[in-house]
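This is protein.cif (mmCIF, C-alpha atoms and all ligand atoms).
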```cif
data_work
loop_
_atom_site.label_atom_id
_atom_site.label_comp_id
_atom_site.auth_asym_id
_atom_site.auth_seq_id
_atom_site.Cartn_x
_atom_site.Cartn_y
_atom_site.Cartn_z
CA MET A 1 132.84 140.09 81.45
CA GLU A 2 132.23 141.60 78.02
CA ILE A 3 128.70 141.83 76.55
CA ILE A 4 128.39 141.91 72.78
CA VAL A 5 124.95 142.49 71.27
CA HIS A 6 125.52 140.92 67.86
CA ARG A 7 121.96 141.65 66.80
CA GLY A 8 118.82 143.12 68.35
CA SER A 9 120.25 146.43 69.61
CA HIS A 10 118.34 148.60 67.11
CA GLU A 11 115.70 146.24 65.83
CA VAL A 12 112.82 144.12 67.03
CA GLY A 13 113.80 140.46 66.70
CA GLY A 14 116.91 138.64 65.55
CA ASN A 15 118.31 138.55 69.09
CA CYS A 16 121.87 137.31 69.49
CA VAL A 17 123.96 138.29 72.49
CA GLU A 18 127.39 137.02 73.44
CA ILE A 19 128.90 137.10 76.91
CA ARG A 20 132.63 136.72 76.84
CA GLY A 21 135.04 136.17 79.70
CA LYS A 22 138.77 135.40 79.89
CA SER A 23 138.36 131.77 78.89
CA SER A 24 134.64 131.20 78.30
CA ARG A 25 132.04 132.37 75.84
CA ILE A 26 128.28 131.86 75.83
CA ILE A 27 125.65 132.92 73.32
CA ILE A 28 122.12 133.84 74.36
CA ASP A 29 119.56 133.41 71.55
CA VAL A 30 120.33 132.93 67.86
CA GLY A 31 117.34 134.56 66.19
CA LEU A 32 116.29 135.35 62.66
CA PRO A 33 115.39 139.01 62.11
CA LEU A 34 111.71 140.00 61.77
CA PHE A 35 112.26 143.29 59.91
CA ASP A 36 114.57 144.68 57.22
CA GLU A 37 116.60 147.91 57.59
CA LEU A 38 113.55 149.95 56.52
CA ARG A 39 111.50 148.25 59.25
CA ASN A 40 109.36 146.36 56.75
CA PRO A 41 108.35 142.89 58.00
CA LEU A 42 110.51 140.16 56.44
CA ASP A 43 108.96 137.06 54.91
CA GLY A 44 109.79 134.52 57.62
CA PHE A 45 108.81 131.52 55.50
CA GLY A 46 111.04 132.73 52.67
CA LEU A 47 114.01 133.21 55.02
CA LYS A 48 113.65 129.70 56.40
CA LYS A 49 114.25 128.26 52.92
CA LEU A 50 117.61 129.99 52.43
CA SER A 51 120.98 128.28 52.76
CA ALA A 52 123.69 129.44 55.17
CA GLU A 53 125.57 131.07 52.28
CA GLU A 54 122.48 132.96 51.11
CA LEU A 55 121.72 134.12 54.64
CA ARG A 56 125.34 135.29 55.04
CA GLU A 57 125.11 137.20 51.78
CA LYS A 58 122.00 139.00 53.01
CA GLY A 59 123.78 139.92 56.25
CA ILE A 60 121.44 137.73 58.29
CA LEU A 61 123.85 134.98 59.31
CA LEU A 62 126.35 137.07 61.24
CA ASP A 63 130.05 136.34 61.33
CA ILE A 64 130.56 135.24 64.93
CA PRO A 65 133.76 133.18 65.27
CA GLY A 66 133.12 129.67 66.57
CA LEU A 67 129.33 129.76 66.26
CA PHE A 68 128.32 128.72 62.77
CA GLU A 69 129.09 125.47 60.97
CA MET A 70 129.89 127.26 57.69
CA ASP A 71 132.89 129.02 59.30
CA ARG A 72 134.38 125.89 60.88
CA ASN A 73 137.46 125.69 58.66
CA ARG A 74 138.12 129.41 58.81
CA ASP A 75 137.70 129.39 62.61
CA LEU A 76 140.56 126.88 63.01
CA SER A 77 142.99 129.69 62.25
CA LEU A 78 141.41 131.97 64.87
CA SER A 79 142.72 130.08 67.85
CA GLU A 80 143.08 133.20 70.00
CA GLN A 81 139.28 133.13 70.60
CA PRO A 82 138.02 130.80 73.32
CA ALA A 83 135.49 128.28 71.96
CA ILE A 84 131.77 128.86 72.53
CA ASP A 85 130.81 126.76 75.55
CA ALA A 86 127.04 126.91 75.27
CA ILE A 87 124.03 128.46 73.60
CA PHE A 88 121.11 129.51 75.81
CA LEU A 89 117.65 129.91 74.27
CA SER A 90 115.17 132.15 76.08
CA HIS A 91 112.19 130.77 74.14
CA ALA A 92 111.00 129.11 70.94
CA HIS A 93 110.02 132.12 68.81
CA PHE A 94 111.99 132.11 65.58
CA ASP A 95 113.39 135.60 66.17
CA HIS A 96 115.22 134.00 69.11
CA CYS A 97 116.06 130.51 67.82
CA GLY A 98 115.69 130.57 64.02
CA LEU A 99 119.42 130.33 63.25
CA LEU A 100 120.00 127.31 65.51
CA PRO A 101 120.23 124.80 62.61
CA PHE A 102 123.29 126.67 61.29
CA THR A 103 125.22 126.56 64.55
CA ARG A 104 128.01 124.06 65.23
CA SER A 105 126.51 120.77 66.33
CA GLU A 106 128.95 120.20 69.21
CA ILE A 107 127.74 123.30 71.10
CA PRO A 108 125.21 122.28 73.79
CA VAL A 109 121.92 124.18 73.85
CA TYR A 110 120.36 125.09 77.19
CA ALA A 111 116.60 125.71 77.10
CA SER A 112 113.52 124.83 79.11
CA SER A 113 111.76 121.57 78.49
CA ILE A 114 108.70 123.46 77.22
CA THR A 115 110.85 125.44 74.76
CA SER A 116 112.18 122.18 73.31
CA LYS A 117 108.60 120.85 73.07
CA MET A 118 107.28 124.01 71.42
CA MET A 119 110.12 123.75 68.89
CA LEU A 120 109.20 120.11 68.23
CA ALA A 121 105.52 120.98 67.65
CA GLY A 122 106.50 123.96 65.51
CA SER A 123 108.85 121.86 63.38
CA LEU A 124 106.19 119.21 62.80
CA PHE A 125 103.27 121.48 61.97
CA ALA A 126 104.51 124.99 61.20
CA ASN A 127 107.78 124.72 59.32
CA GLN A 128 109.79 125.93 62.30
CA VAL A 129 113.20 124.77 63.54
CA CYS A 130 113.57 121.97 66.05
CA LEU A 131 116.06 121.51 68.86
CA PRO A 132 117.94 118.23 68.28
CA GLN A 133 117.54 116.09 71.42
CA GLY A 134 121.25 115.23 71.43
CA ARG A 135 122.15 118.90 71.88
CA HIS A 136 119.44 119.83 74.35
CA ARG A 137 120.41 120.41 77.99
CA LYS A 138 117.34 121.06 80.11
CA ILE A 139 117.40 124.08 82.38
CA LYS A 140 114.46 125.09 84.53
CA ASP A 141 113.21 127.95 86.64
CA LYS A 142 115.63 128.85 89.48
CA GLN A 143 118.23 126.32 88.32
CA THR A 144 121.86 127.45 88.42
CA ILE A 145 124.56 125.87 86.29
CA GLN A 146 128.25 126.49 85.85
CA ILE A 147 129.55 127.07 82.32
CA GLY A 148 133.31 127.66 82.44
CA GLU A 149 133.83 130.86 84.43
CA PHE A 150 130.10 131.80 84.28
CA THR A 151 127.36 130.94 86.75
CA VAL A 152 124.05 131.03 84.89
CA THR A 153 120.65 131.07 86.63
CA ALA A 154 117.35 130.72 84.78
CA SER A 155 114.08 132.39 85.82
CA SER A 156 110.64 131.81 84.32
CA VAL A 157 109.04 134.89 82.76
CA ASP A 158 105.66 135.48 81.13
CA HIS A 159 105.44 135.97 77.35
CA SER A 160 103.23 134.92 74.44
CA ILE A 161 104.66 131.38 74.27
CA GLY A 162 105.22 128.79 76.99
CA GLY A 163 108.56 127.99 78.62
CA CYS A 164 110.26 131.42 78.50
CA LEU A 165 113.34 131.99 80.61
CA ALA A 166 115.36 135.04 81.60
CA PHE A 167 119.05 134.37 82.27
CA GLN A 168 121.27 135.86 84.90
CA VAL A 169 125.00 135.46 84.25
CA GLU A 170 127.55 135.99 87.02
CA SER A 171 131.32 136.07 86.92
CA ASP A 172 133.97 137.80 89.07
CA GLY A 173 131.34 139.54 91.20
CA GLU A 174 129.57 141.04 88.16
CA THR A 175 125.97 140.18 87.21
CA VAL A 176 124.26 140.53 83.85
CA LEU A 177 120.52 139.96 83.47
CA TYR A 178 119.06 139.07 80.06
CA THR A 179 115.27 139.33 80.36
CA GLY A 180 114.36 137.71 77.02
CA ASP A 181 110.85 138.66 75.88
CA LEU A 182 108.46 139.27 78.74
CA ARG A 183 105.35 141.15 79.81
CA MET A 184 103.39 142.14 82.89
CA HIS A 185 99.85 141.70 81.49
CA GLY A 186 99.67 137.93 80.83
CA ARG A 187 97.81 135.22 82.72
CA LYS A 188 100.68 134.59 85.16
CA PRO A 189 101.12 137.65 87.40
CA GLY A 190 102.46 135.38 90.17
CA MET A 191 105.33 134.24 87.95
CA MET A 192 106.40 137.84 87.27
CA LYS A 193 106.09 138.72 90.96
CA GLU A 194 108.41 135.85 91.85
CA PHE A 195 110.88 136.90 89.13
CA ILE A 196 110.99 140.49 90.43
CA GLN A 197 111.32 139.38 94.05
CA SER A 198 114.20 137.07 93.29
CA MET A 199 116.01 139.71 91.17
CA SER A 200 115.51 142.48 93.69
CA ARG A 201 117.35 140.43 96.34
CA GLN A 202 120.59 140.84 94.39
CA THR A 203 122.64 143.51 92.69
CA ILE A 204 122.32 143.50 88.92
CA GLY A 205 125.10 145.23 87.05
CA THR A 206 123.75 145.35 83.50
CA CYS A 207 120.19 144.55 82.51
CA LEU A 208 119.54 143.69 78.87
CA ILE A 209 115.81 144.34 78.79
CA GLU A 210 113.39 143.77 75.93
CA GLY A 211 111.89 147.04 74.71
CA THR A 212 109.67 146.13 71.77
CA HIS A 213 107.21 148.92 72.59
CA ILE A 214 109.82 151.64 73.01
CA GLY A 215 109.22 153.32 69.68
CA LEU A 216 106.51 150.91 68.52
CA PRO A 217 102.95 151.70 69.67
CA ASN A 218 101.55 149.47 72.42
CA GLY A 219 98.39 148.89 70.39
CA SER A 220 95.66 147.59 72.66
CA THR A 221 96.73 147.58 76.31
CA LYS A 222 94.39 144.80 77.41
CA SER A 223 95.41 141.97 79.69
CA GLU A 224 95.04 138.31 78.65
CA PHE A 225 92.11 138.08 81.09
CA GLU A 226 90.33 140.88 79.19
CA ILE A 227 91.02 139.03 75.93
CA GLU A 228 89.26 135.98 77.37
CA SER A 229 86.20 138.12 78.30
CA GLU A 230 86.06 139.52 74.77
CA PHE A 231 86.29 135.99 73.32
CA ILE A 232 83.30 135.04 75.48
CA ASP A 233 81.34 138.08 74.26
CA VAL A 234 81.89 137.24 70.60
CA LEU A 235 81.24 133.51 71.05
CA LYS A 236 77.95 134.23 72.83
CA LYS A 237 76.73 136.76 70.26
CA SER A 238 77.94 135.05 67.08
CA GLU A 239 75.13 133.39 65.11
CA GLY A 240 77.29 131.03 63.11
CA LEU A 241 80.56 129.16 63.32
CA THR A 242 83.29 131.19 65.08
CA LEU A 243 86.86 130.77 63.87
CA MET A 244 89.73 131.52 66.25
CA SER A 245 93.02 132.61 64.69
CA PHE A 246 96.14 132.61 66.89
CA SER A 247 99.21 130.45 67.42
CA PRO A 248 98.50 127.36 69.55
CA GLN A 249 101.95 127.92 71.09
CA HIS A 250 100.52 131.05 72.72
CA ILE A 251 99.48 129.12 75.81
CA ASP A 252 97.81 132.05 77.63
CA ARG A 253 95.64 132.73 74.61
CA LEU A 254 94.84 129.04 74.13
CA VAL A 255 93.79 128.62 77.76
CA GLY A 256 91.64 131.78 77.44
CA CYS A 257 90.04 130.35 74.29
CA ILE A 258 89.32 126.94 75.88
CA ARG A 259 87.72 128.67 78.87
CA ALA A 260 85.74 131.05 76.63
CA ALA A 261 84.35 128.16 74.55
CA LYS A 262 83.18 126.45 77.76
CA GLN A 263 81.60 129.65 79.10
CA SER A 264 79.68 130.19 75.89
CA GLN A 265 78.63 126.54 75.65
CA ARG A 266 80.38 125.91 72.39
CA ILE A 267 82.45 122.84 71.57
CA LEU A 268 86.02 123.85 70.72
CA VAL A 269 87.23 122.14 67.55
CA VAL A 270 91.02 122.03 67.49
CA ASP A 271 93.45 121.08 64.74
CA ALA A 272 96.15 118.43 65.21
CA TYR A 273 98.83 121.10 65.89
CA THR A 274 96.84 122.46 68.85
CA ALA A 275 96.04 118.95 70.13
CA PHE A 276 99.74 118.05 69.92
CA VAL A 277 100.79 121.20 71.83
CA LEU A 278 98.28 120.37 74.60
CA TYR A 279 99.51 116.77 74.68
CA LEU A 280 103.17 117.91 75.05
CA LEU A 281 102.28 120.46 77.73
CA SER A 282 100.17 118.05 79.78
CA THR A 283 103.24 116.59 81.50
CA GLU A 284 104.63 120.08 82.24
CA ILE A 285 101.72 122.24 83.39
CA LYS A 286 98.01 121.88 84.18
CA VAL A 287 96.17 122.13 80.84
CA PRO A 288 93.11 120.38 79.41
CA THR A 289 93.95 117.72 76.83
CA ILE A 290 91.99 116.49 73.86
CA GLU A 291 91.65 112.98 75.34
CA LEU A 292 90.12 114.10 78.63
CA ASP A 293 88.26 117.32 77.93
CA ALA A 294 84.62 116.65 77.01
CA ASN A 295 84.34 120.11 75.47
CA MET A 296 87.00 119.57 72.78
CA ARG A 297 86.92 117.70 69.47
CA ILE A 298 89.57 117.40 66.80
CA LEU A 299 89.38 118.00 63.07
CA MET A 300 92.09 116.09 61.25
CA THR A 301 92.99 116.97 57.68
CA ASP A 302 94.77 114.55 55.34
CA ALA A 303 97.94 116.63 55.66
CA THR A 304 98.02 116.39 59.45
CA ARG A 305 97.08 112.70 59.37
CA ASN A 306 100.19 112.10 57.26
CA LYS A 307 102.37 113.96 59.73
CA LEU A 308 101.22 111.63 62.49
CA SER A 309 101.66 108.35 60.66
CA ASN A 310 104.70 106.73 62.30
CA GLY A 311 105.64 105.15 65.62
CA LYS A 312 104.68 107.10 68.72
CA LEU A 313 102.94 109.81 66.70
CA ALA A 314 100.65 107.25 65.05
CA LYS A 315 99.79 105.84 68.50
CA LEU A 316 98.96 109.34 69.71
CA ARG A 317 96.74 109.90 66.69
CA GLU A 318 94.92 106.62 67.40
CA SER A 319 94.27 107.79 70.96
CA TRP A 320 92.36 110.75 69.48
CA GLU A 321 90.07 108.60 67.26
CA SER A 322 87.04 108.87 69.56
CA LYS A 323 87.33 112.67 69.61
CA LEU A 324 87.45 113.20 65.84
CA ILE A 325 84.85 115.41 64.21
CA SER A 326 84.11 115.66 60.49
CA ARG A 327 83.55 118.78 58.43
CA ASP A 328 79.97 117.63 57.76
CA GLU A 329 79.17 117.37 61.45
CA ILE A 330 80.36 120.96 61.97
CA MET A 331 78.35 122.19 58.97
CA LYS A 332 75.08 120.73 60.32
CA THR A 333 75.06 123.05 63.38
CA PRO A 334 77.93 125.52 62.89
CA ASP A 335 76.72 127.82 65.70
CA LYS A 336 77.51 125.09 68.24
CA PHE A 337 81.24 125.33 67.59
CA ALA A 338 84.28 127.53 68.06
CA MET A 339 87.12 126.37 65.87
CA MET A 340 90.89 126.86 65.92
CA PHE A 341 91.64 128.24 62.48
CA PRO A 342 95.03 127.83 60.85
CA SER A 343 94.58 129.75 57.58
CA SER A 344 95.36 126.62 55.51
CA LEU A 345 91.88 125.32 56.48
CA PHE A 346 90.28 127.98 54.28
CA LYS A 347 91.16 125.92 51.20
CA SER A 348 91.57 122.40 52.63
CA VAL A 349 88.37 122.26 54.70
CA PHE A 350 86.15 125.15 53.56
CA GLU A 351 87.13 124.98 49.87
CA GLY A 352 87.35 128.78 49.71
CA ARG A 353 83.83 129.48 51.03
CA PHE A 354 82.66 129.74 54.64
CA PRO A 355 79.18 128.72 55.83
CA ASP A 356 76.72 131.61 56.31
CA GLN A 357 77.47 134.06 59.13
CA THR A 358 80.86 132.62 60.03
CA ASP A 359 82.74 135.03 62.29
CA LEU A 360 86.51 135.27 62.57
CA VAL A 361 88.28 136.22 65.79
CA TYR A 362 91.67 137.46 64.64
CA SER A 363 93.98 137.32 67.63
CA ARG A 364 97.40 138.02 66.14
CA TRP A 365 99.51 141.07 65.36
CA SER A 366 97.48 143.26 62.96
CA GLY A 367 100.44 143.49 60.52
CA TYR A 368 99.82 139.88 59.45
CA LEU A 369 96.25 140.77 58.38
CA GLU A 370 97.69 142.78 55.50
CA GLN A 371 99.33 139.70 54.00
CA SER A 372 97.65 138.35 50.89
CA GLY A 373 96.37 135.01 52.24
CA MET A 374 94.61 136.73 55.11
CA LYS A 375 93.07 139.45 52.93
CA GLU A 376 91.29 136.77 50.92
CA ILE A 377 89.99 135.14 54.12
CA VAL A 378 88.69 138.43 55.56
CA GLU A 379 86.85 139.06 52.29
CA ALA A 380 85.30 135.59 52.40
CA ILE A 381 84.13 136.23 55.99
CA SER A 382 82.42 139.41 54.85
CA ASP A 383 80.93 137.62 51.79
CA CYS A 384 79.24 135.01 54.01
CA GLY A 385 77.67 137.71 56.19
CA GLY A 386 80.14 137.33 59.07
CA THR A 387 82.39 139.77 60.90
CA THR A 388 86.14 139.81 61.55
CA HIS A 389 86.81 140.78 65.16
CA GLN A 390 90.34 141.87 66.02
CA ILE A 391 90.91 140.87 69.63
CA HIS A 392 94.55 140.95 70.54
CA THR A 393 97.09 142.19 73.02
CA SER A 394 100.86 142.27 72.82
CA GLY A 395 103.16 139.48 73.95
CA HIS A 396 105.63 142.19 75.00
CA ILE A 397 105.87 144.53 77.95
CA PHE A 398 104.04 147.84 77.39
CA ASP A 399 106.28 150.92 77.31
CA PHE A 400 104.72 152.30 80.52
CA ASP A 401 105.48 149.06 82.40
CA ILE A 402 109.21 149.17 81.56
CA PRO A 403 110.18 151.95 84.03
CA ILE A 404 108.05 150.29 86.72
CA LEU A 405 109.85 146.98 86.19
CA LEU A 406 113.29 148.64 86.09
CA LYS A 407 112.60 150.48 89.33
CA GLN A 408 112.06 147.11 90.98
CA LEU A 409 115.05 145.37 89.34
CA ARG A 410 117.40 148.29 90.18
CA PRO A 411 120.18 147.48 87.69
CA LYS A 412 123.25 149.74 87.59
CA SER A 413 122.92 150.10 83.84
CA VAL A 414 120.28 149.24 81.25
CA VAL A 415 120.70 148.12 77.65
CA PRO A 416 117.35 148.00 75.84
CA ILE A 417 117.35 145.35 73.11
CA HIS A 418 114.61 143.94 70.82
CA THR A 419 113.65 147.57 70.08
CA PHE A 420 114.02 150.04 67.21
CA GLU A 421 114.45 153.01 69.52
CA PRO A 422 116.62 152.09 72.53
CA GLU A 423 117.54 155.75 73.06
CA GLN A 424 113.92 156.65 73.77
CA LEU A 425 114.11 154.67 77.03
CA ARG A 426 115.66 157.82 78.55
CA GLN A 427 112.38 159.67 78.14
CA LEU A 428 110.44 156.82 79.71
CA HIS A 429 112.83 156.20 82.56
CA SER A 430 114.43 159.26 84.02
CA GLY A 431 117.53 158.36 85.99
ZN ZN A 501 109.10 136.21 71.60
#
```

The structure given in the file should be rewritten as structure tokens.
Ligand SMILES: [Zn+2]
Amino acid sequence: MEIIVHRGSHEVGGNCVEIRGKSSRIIIDVGLPLFDELRNPLDGFGLKKLSAEELREKGILLDIPGLFEMDRNRDLSLSEQPAIDAIFLSHAHFDHCGLLPFTRSEIPVYASSITSKMMLAGSLFANQVCLPQGRHRKIKDKQTIQIGEFTVTASSVDHSIGGCLAFQVESDGETVLYTGDLRMHGRKPGMMKEFIQSMSRQTIGTCLIEGTHIGLPNGSTKSEFEIESEFIDVLKKSEGLTLMSFSPQHIDRLVGCIRAAKQSQRILVVDAYTAFVLYLLSTEIKVPTIELDANMRILMTDATRNKLSNGKLAKLRESWESKLISRDEIMKTPDKFAMMFPSSLFKSVFEGRFPDQTDLVYSRWSGYLEQSGMKEIVEAISDCGGTTHQIHTSGHIFDFDIPILLKQLRPKSVVPIHTFEPEQLRQLHSG
């Protein structure tokens, strides 16, 4: 079994790993990079607009025989390579799945049902890529499937989006573990305990472990439970409307926010994107939904109404009618509400000016705050007499948790990926 890290060995994001045997090949993750060579954040929205040729020119669409549509004719002459049997996606973040639309359409894509749903929601509301249903092969926690000479087993792991899987690939008595993105400080400690227990019962040859925080500071080292407590604090003390800024696909954070709104006796106003994510998740895991939860209302903008105008989506929208709330209703008693805040609402709903004493809870990576759209919003919060509270914790395993996890997994060798500084793992993990 040969492991080729096409991308992600000395950078955070852009994961693409190939496992090659005598007659089979599989690819795990086909991500877009997050940073350039100088480690400056790339403009994700800009990248998503580029063609395959433009991405190839920038060195982003790698030349991996058999994988990308644009190389199909050229690949015909490379018959010595076995074809790619399958793509496995660990989760729906674009640095793991962003190049999927450029891959050859006959290659099946194995991913969890929640990953496919998060990609659907992201494609509808956030300009992200979707997983075509015809290509999707569902794989779930603890399921084992045979792909050519490889036996692949999926395991659920905790990260800042729902549906994440680690993959264990076995062939000829060798085992490779690809952890995907994961962490030990989320809302699902039981899930990680189960993952460790099941891995420690076997011998792992090579472990490809995510190492975002090797060489990047941990930032705050709070758990998701502590984030929920801080949400409650702010929501109780805030004297005006409180805006909540984070991705609705971050299920741990969303659950924490829903619970915090309840605890502080505020109604949580969600946007259509959040309501749609909760609707999709409701058949997968136990979450409150907009239809049933008395503490949630929905604010629909014209843009989101248009996105939900056909067939099943229109029916879903109709089912939300009784839960709709208008801007005027919020403005009458703003201190009664917490509100999911996609930054587009600043112009479309607030017309560039927030009501007095509106607070913003910014619960994303601080790097995004520097971007121009957010700067303007933070200024407007200050202008209305409000405060911006940064309450966030990483979606990735802290550097000090990596040696603890590795001690339990006991792999023979470790390859840190999704990190700028893989070599620094030696200092963290002696032996
Ligand atoms: Zn991720």

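Across the model, the gap from CA of Tyr178 (chain A) to CA of Ser155 (chain A) is 10.1 Å.
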
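Counting all atoms listed in the file and comparing A:Glu351, A:Glu194, A:Asp29, A:Glu376, the residue that lies closest to ligand ZN 501 (chain A) is A:Asp29.
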
At most 9 Å from ligand ZN 501 (chain A) (all atoms listed in the file): residue list as a count of residues only: 17

Quick one: everything within 7 Å of region 212-215 of chain A, counting all atoms listed in the file, minus sequence neighbours fewer than 4 positions away in the same chain. Send it as a JSON list (two decimals) with C-alpha atoms, in the coordinates of the input.
```json
[["chain", "number", "residue", "atom", "x", "y", "z"],
["A", 12, "VAL", "CA", 112.82, 144.12, 67.03],
["A", 396, "HIS", "CA", 105.63, 142.19, 75.00],
["A", 398, "PHE", "CA", 104.04, 147.84, 77.39],
["A", 399, "ASP", "CA", 106.28, 150.92, 77.31],
["A", 418, "HIS", "CA", 114.61, 143.94, 70.82],
["A", 419, "THR", "CA", 113.65, 147.57, 70.08],
["A", 420, "PHE", "CA", 114.02, 150.04, 67.21],
["A", 421, "GLU", "CA", 114.45, 153.01, 69.52],
["A", 422, "PRO", "CA", 116.62, 152.09, 72.53],
["A", 424, "GLN", "CA", 113.92, 156.65, 73.77],
["A", 425, "LEU", "CA", 114.11, 154.67, 77.03]]
```

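Among the candidates A:Ser9, A:Leu67, A:Thr283, A:Leu409, the residue lying nearest to Phe195 (chain A) is A:Leu409 (atoms considered: only C-alpha atoms).
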